[in-house]
Every structure is written in C-alpha cells, then in structure tokens.
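So the structure is just underneath, and the comments pick up after that.
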Amino acid sequence: MEWGEDFEDRTDSGKLVVGIVGMGYVGLPTAIGFYNAGFTVFGIDSSESVIASLLNGRNPTNEPTLEDRIPSSTDERWNITHSFTDSIPKCDVVIVSVPTPVTEERRIDAKFVREAGHSIFSNVRNDSNTIVILESTVYPGLTRSEWFPIVDEYGLKMGTDVEIAYCPERYNPGDPVHGINNVDRVIGSTNPLVGQSLVKLYSKLTSGGVHHVGSIEVAESSKLIENVQRDINIALVNELSMILPKLGVDIEEVLDAASTKWNFHRYTPGIGVGGHCIPVDPYFLIDQANERNSSLELISAAREINNHMPIFIAEEIVEILETAGVPKNGRRALIVGWSYKPQLGDSRGSPSKDLAEVLMSKGIEVSSWDPYVPKNQFSEGVSIVDEVTEVGGYDIVIIATAHEEIANFNWEEIAENMRNPIIFDGRRCLDINHLSVMGWHVEAVGMPRNQ
Ligand code: SAJ
C-alpha cells in the first residue's frame with residue numbers, strides 16, 4: 001500500500017489520533033477543532049495550571065471565543081496530559097504550537113521548539129511514520145535546522161519512523177470570523193505525499209481552503225511575509241499620520257478618498273502596533289538577513305516607525321496640554337484601553353505600556369481603564385480605573401484601544417468630571433463632531449491640531 005492511502009482512509013473515518021503540544025491561543029482551538037471533527041485528541045502542555053483548568057472544563061486562555069467550548073475530560077476522545085510518554089506513542093499526528101518569542105537582541109528564541117522536539121522525537125515509535133507538524137511562526141529553515149538533528153539524535157528514520165511538516169497558524173485572536181475553523185491554511189512538507197495527506201486532515205479542521213505549497217521553507221516564509229506585509233502597511237499609515245496634519249489634511253478623510261481606488265488597501269493609524277505576532281515576526285527575517293550580511297531596509301524602517309508611534313503620541317499629548325495651558329505640575333491622563341487590540345484581554349507588546357511610560361517620565365500621572373485585561377498586566381505606577389464615569393479630575397482622556405464599549409460611554413458625564421475636557425482619539429474610533437458638540441476639545445492621531 002502506497003504511503004498515504006491508509007492515512008487518508010483513517011482521516012475520513014476519524015480513526016486518527018492527533019496530539020497537540022501547547023494548549024494556548026492556537027493549540028487549544030486546534031485541539032477542540034480536531035476533537036469536534038471526530039478525532040481522538042491528546043492535548044499536551046507543560047503547565048500544571050493549564051492542565052488543571054482544562055481537566056475542569058475551564059478555558060485557560062483569555063481568548064473569548066473559547067469560552068464554554070472545552071470538551072469534557074470524561075470523554076475518552078479528549079485526553080489532557082503533561083506526559084509525552086503517555087501520549088506521543090499513541091498519536092499518528094503531532095501538532096506543535098509553542099511560543100517563539102523574540103529575545104532582547106531581537107532574535108528568535110527557539111528553545112520551546114527545541115524542547116518540544118526532544119520530548120516528541122524521544123517518544124516516537126519505530127516504523128510508526130508519525131507526522132510531526134510545527135505551527136509556530138519561525139524563520140525559513142528553522143524547522144529543518146532545529147528538528148532534523150534531533151530526529152538523527154534519536155536514531156529515527158525519516159519516511160519510516162517520522163515525517164516532518166510545517167503548517168503556520170493563521171487566526172485572528174478575538175475574531176470568530178477568522179478562526180481556526182474557517183481560515184485558509186498552507187502546508188509545507190519534506191514528503192509531497194505527506195503534504196497531500198495533510199491537506200485532507202486539515203480540511204477536517206477548517207472550512208477554508210488547504211493548500212500544499214511545497215517545501216517546509218515555502219510555508220515558513222509565507223507566514224512570515226504575511227505579517228511583515230501587515231507591519232509595513234500599518235507603518236505607512238502611521239508615517240502618513242505624522243505628516244498629513246502638517247499639510248492641513250485629516251488622514252481619515254484622505255483614506256476615505258484613496259479607498260475609492262480598486263486596489264488601495266486601507267489600514268488605520270494608531271498609537272502603535274502591539275501583540276505577539278506583527279511586532280515580533282519581522283525581526284525573524286531581519287535577523288536572518290543580518291546573519292547573511294544583508295539588511296532589510298524597508299522592513300526594519302517599518303518596525304522603527306511602529307515602535308516609535310507611542311513615543312510620538314506621548315509628545316503630541318504633552319504639546320496639546322501645553323497649548324491648552326494646563327499647568328505642568330500635577331497633570332493627569334486617563335488611558336482608555338490597555339490591551340493591544342479591541343475585545344481582547346492581552347497586553348503583550350501593547351503600545352499603551354510605552355505610552356504610559358513616556359507620559360509618566362514627563363511627570364504626568366497616568367490611570368487606565370480596560371476591563372478585558374487582568375489587573376496584574378498593568379504597568380507599575382498606573383492607577384487602574386474600573387468605571388470611567390466614577391472618576392474625575394483628569395486633564396486628558398486618550399483612546400488607546402478601540403474596544404466597542406467606548407462608543408457607548410456617557411461622554412457628557414465624563415466631560416463634566418474632567419478638570420480639562422480634552423480627548424485624544426488614538427485609534428480614530430470616535431465621532432469627533434459629536435464629542436465637540438458636547439464641549440470636548442477633540443484631538444486625534446492623523447488629524448490637524450484643533451486650534
Ligand atoms: N493595527 C493598527 N492599524 C491597523 C491594523 C492593526 O494600528 O490597521 C494594530 C492593532 O491595534 C494591534 C496591532 O496592529 O495593536 C496588531 O493588530 P492585528 O490586527 O494584526 O492583530 P494580531 O497581532 O492579533 O494579528 C493577528 C495575526 N495572527 C496570527 O499571527 C496568527 C496576524 O497574522 C493576522 O494577520 C491578524 O491577526 C489579522 O489578520 O487580523
């Protein structure tokens with residue numbers, strides 16, 4: 001029987017056992033997706049608290065789309081464990097979704113990928129042809145350079161004991177429309193037959209298209225440039241938001257006009273680019289270029305522009321307070337939004353942190369409101385506000401994250417409690433005219449200064 005026929009039959013019948021290593025934002029919805037598709041699943045994680053939450057049917061992530069979707073651990077098809085020994089030998093496929101953070105020197109830290117490789121390959125059975133798939137975002141070549149030596153170290157034979165593939169995770173945290181169950185996927189593999197078989201398997205997970213794109217490196221590169229392109233596009237509107245107001249035009253009006261062109265892609269200027277994907281992934285490519293004595297000018301410049309945005313915005317805020325004649329001593333600012341994006345409680349890489357730090361360095365007292373974010377994620381020195389209408393005495397409100405609730409705030413009541421009713425819309429998410437009528441002095445990113 002040619003490789004793959006049996007695998008594809010068992011994919012169709014659901015008689016495959018799928019292991020997922022790393023039960024986080026990506027691994028957990030992936031495990032639930034394959035469980036719901038009828039497969040037997042082993043969810044493997046090194047964190048005792050994650051294991052405990054899952055065994056109790058609780059969502060261990062801040063991902064709202066996973067609430068009430070954790071299967072019961074009494075079901076023999078849903079196996080949660082920290083033991084690779086108890087799980088890997090029973091798996092036909094092992095999917096790895098572990099963090100790939102960037103170091104202080106802005107280089108990828110592949111330790112979690114390496115550790116997962118050792119834990120998995122040391123438990124793969126001979127002749128099992130276990131397929132091991134990396135989903136974490138890496139630079140082109142990392143899967144091969146990190147895992148192939150480990151496969152050799154354990155004396156495993158590629159194509160007999162083990163196969164390796166790469167399928168980058170693609171989903172938008174907090175966005176049920178672009179989730180694990182409906183986004184298109186790409187697969188790269190050492191063995192084309194394996195790639196084709198995995199197309200069938202992932203088609204059980206997502207209603208989106210699944211594409212075998214060739215080598216592992218092609219798939220690794222695809223994911224990286226998807227996020228690099230997004231970072232560059234956001235940097236463009238952020239840079240335009242610094243110059244257009246000086247030319248007397250509001251960037252949002254310009255973007256409205258430009259968006260009438262069929263192939264203009266619209267992005268929104270903001271206080272910066274946060275998260276653990278977009279501001280991180282470009283450094284993986286920059287680092288690889290540096291290692292080869294070539295530099296990526298545009299990609300690096302985009303990172304610098306986006307990294308600088310919260311500092312630029314903080315300087316704007318100080319200028320606005322100066323112009324408004326707010327005394328230098330005792331200035332108070334309220335930052336609305338601490339999460340890096342709306343409707344999510346994740347402050348990893350959030351530009352709100354940099355904004356707060358610069359404002360405090362200029363002697364401004366900073367408070368923040370964001371009910372999505374756990375209280376221990378706010379920076380030291382920042383006062384946490386639970387109800388915006390219950391506080392007052394601020395000189396400026398800064399919109400840092402466009403949470404939907406903000407549009408329904410009682411802005412009249414808030415204005416009455418302000419020491420100076422000044423608002424800075426850092427995400428261009430509010431009705432500026434409506435606020436002005438209420439007596440707010442409105443400023444915004446990308447908008448000419450309100451004299
Ligand atoms: N941002 C802007 N202006 C924009 C768009 C985003 O300032 O026009 C800012 C956001 O406020 C945020 C940051 O950029 O601080 C990142 O926003 P994002 O919408 O890209 O959200 P992420 O980081 O959650 O990106 C995820 C990524 N998913 C994965 O890596 C698995 C990314 O690949 C997706 O492209 C992105 O979702 C998406 O498609 O929305």
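Every chain in the structure tokens takes a letter, A first, then B, and so on in the order presented; its residues are numbered from 1, and the ligands are numbered from 1 following the presented order.
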- Message: At a cut-off of 6 Å around ligand 1, and using only C-alpha atoms and all ligand atoms, what residues come up? Please write them as a ChimeraX atom specification.
- Response: /A:169-173,227,234,267-270,272-275,277-278,340-341
- Message: I'd like the contact shell of region 80-87 of chain A - 8 Å cut-off, only C-alpha atoms, skipping same-chain residues fewer than 6 positions apart - returned as a VMD selection string.
- Response: chain A and resid 19 42 to 48 51 54 to 55 73 119 to 120 123
- Query: Where does DSSP see alpha helix (DSSP H) in region 158-211 of chain A, if you list the residues as number ranges by chain?
  - Reply: A: 192-202
- Query: So which residues touch region 317-320 of chain A within 10 Å, counting only C-alpha atoms, skipping near sequence neighbours fewer than 3 positions away, as a list in words?
  - Reply: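 Once the nearby chain positions are removed, what remains is Ile311, Phe312, Ile313, Ala314, Thr323, Ala324, Gly325, Val326, Lys328, Arg331, Ala333, Leu355, Leu359, Lys362, Ile364, Ile396, Val397, Ile398, Ile422, Ile423, Phe424, Glu443, Ala444, Arg449, Asn450 and Gln451 of chain A.
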With a cut-off of 10 Å, could you pull out the residues of region 63-84 of chain A touching region 176-200 of chain A and give me the nearest pair of atoms for each, distance in Å to one decimal, using only C-alpha atoms, ordered by chain and ascending number, as a Markdown table?
| residue | atom | partner | partner_atom | distance |
| --- | --- | --- | --- | --- |
| A:Pro64 | CA | A:Pro176 | CA | 9.2 |
| A:Thr65 | CA | A:Pro176 | CA | 6.4 |
| A:Leu66 | CA | A:Pro176 | CA | 9.6 |
Export of prior selection with C-alpha atoms as a PDB file, in the first residue's frame:
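Result went into selection20.pdb, see below:
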ATOM      1  CA  PRO A  64     -13.154  34.890  24.500  1.00  0.00           C
ATOM      2  CA  THR A  65     -14.100  32.669  21.541  1.00  0.00           C
ATOM      3  CA  LEU A  66     -13.053  29.588  23.573  1.00  0.00           C
TER       4      LEU A  66
END
- Contact residues around Pro421 (chain A) with only C-alpha atoms at 9 Å, ignoring same-chain residues under 4 positions, as JSON, numbers by chain: {"A": [394, 395, 396, 397, 414, 415, 416, 417, 439, 440, 441, 442]}
- Task: Have a look at A:Val373, A:Val254, A:Val391, A:Leu224 and name the one nearest to Val237 (chain A); count only C-alpha atoms.
- Result: A:Val254
- Go through A:Gly155, A:Pro140, A:Pro282, A:Gly24 and flag the residue nearest Val218 (chain A), using only C-alpha atoms for the distances.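 Among A:Gly155, A:Pro140, A:Pro282, A:Gly24, it is A:Pro140 that comes nearest to Val218 (chain A).
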- Query: Which of these residues is nearest to Phe34 (chain A), using only C-alpha atoms: A:Ser215, A:Gln343, A:Ser203, A:Asn306?
  - Reply: A:Ser203
- Would you mind reading off the distance between CA of Lys157 (chain A) and CA of Ser122 (chain A), one decimal, in Å?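 Separation of CA of Lys157 (chain A) and CA of Ser122 (chain A): 12.7 Å.
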- Query: So, counting only C-alpha atoms, which residue among A:Ile88, A:Tyr283, A:Asp175, A:Val132 is closest to Thr103 (chain A)?
  - Reply: A:Tyr283
- Query: Hey, what's within 9 Å of Val382 (chain A) if we count only C-alpha atoms and toss same-chain stuff fewer than 5 positions away? As a list in words, please?
  - Reply: Ala356, Met360, Glu365, Val366, Ser367 and Ser368 of chain A
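Using only C-alpha atoms, the shortest contact distance between Leu247 (chain A) and any of A:Gln288, A:Leu201, A:Gly159, A:Met447 is found at A:Met447.
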- Query: Which value, in Å to one decimal, gives the distance between CA of Gly363 (chain A) and CA of Met418 (chain A)?
  - Reply: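 It comes out at 18.6 Å.
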- Message: Need the shell around Ile95 (chain A): protein/DNA/RNA residues with any atom at most 7 Å away, counting only C-alpha atoms. Skip same-chain ones fewer than 4 positions apart. Format as number ranges by chain?
- Response: A: 19-21, 132-135
Output C-alpha atoms of each residue in that selection to a file, as a compact mmCIF listing (two decimals), in the first residue's frame.
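What landed in selection_10.txt:
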# COMPACT_ATOMS: atom_id res chain seq x y z
CA GLY A 19 -1.67 15.14 19.51
CA ILE A 20 -1.38 18.90 20.07
CA VAL A 21 1.61 20.23 22.02
CA VAL A 132 5.12 15.93 13.36
CA ILE A 133 3.89 19.37 12.28
CA LEU A 134 5.21 22.71 13.52
CA GLU A 135 2.67 25.57 13.53
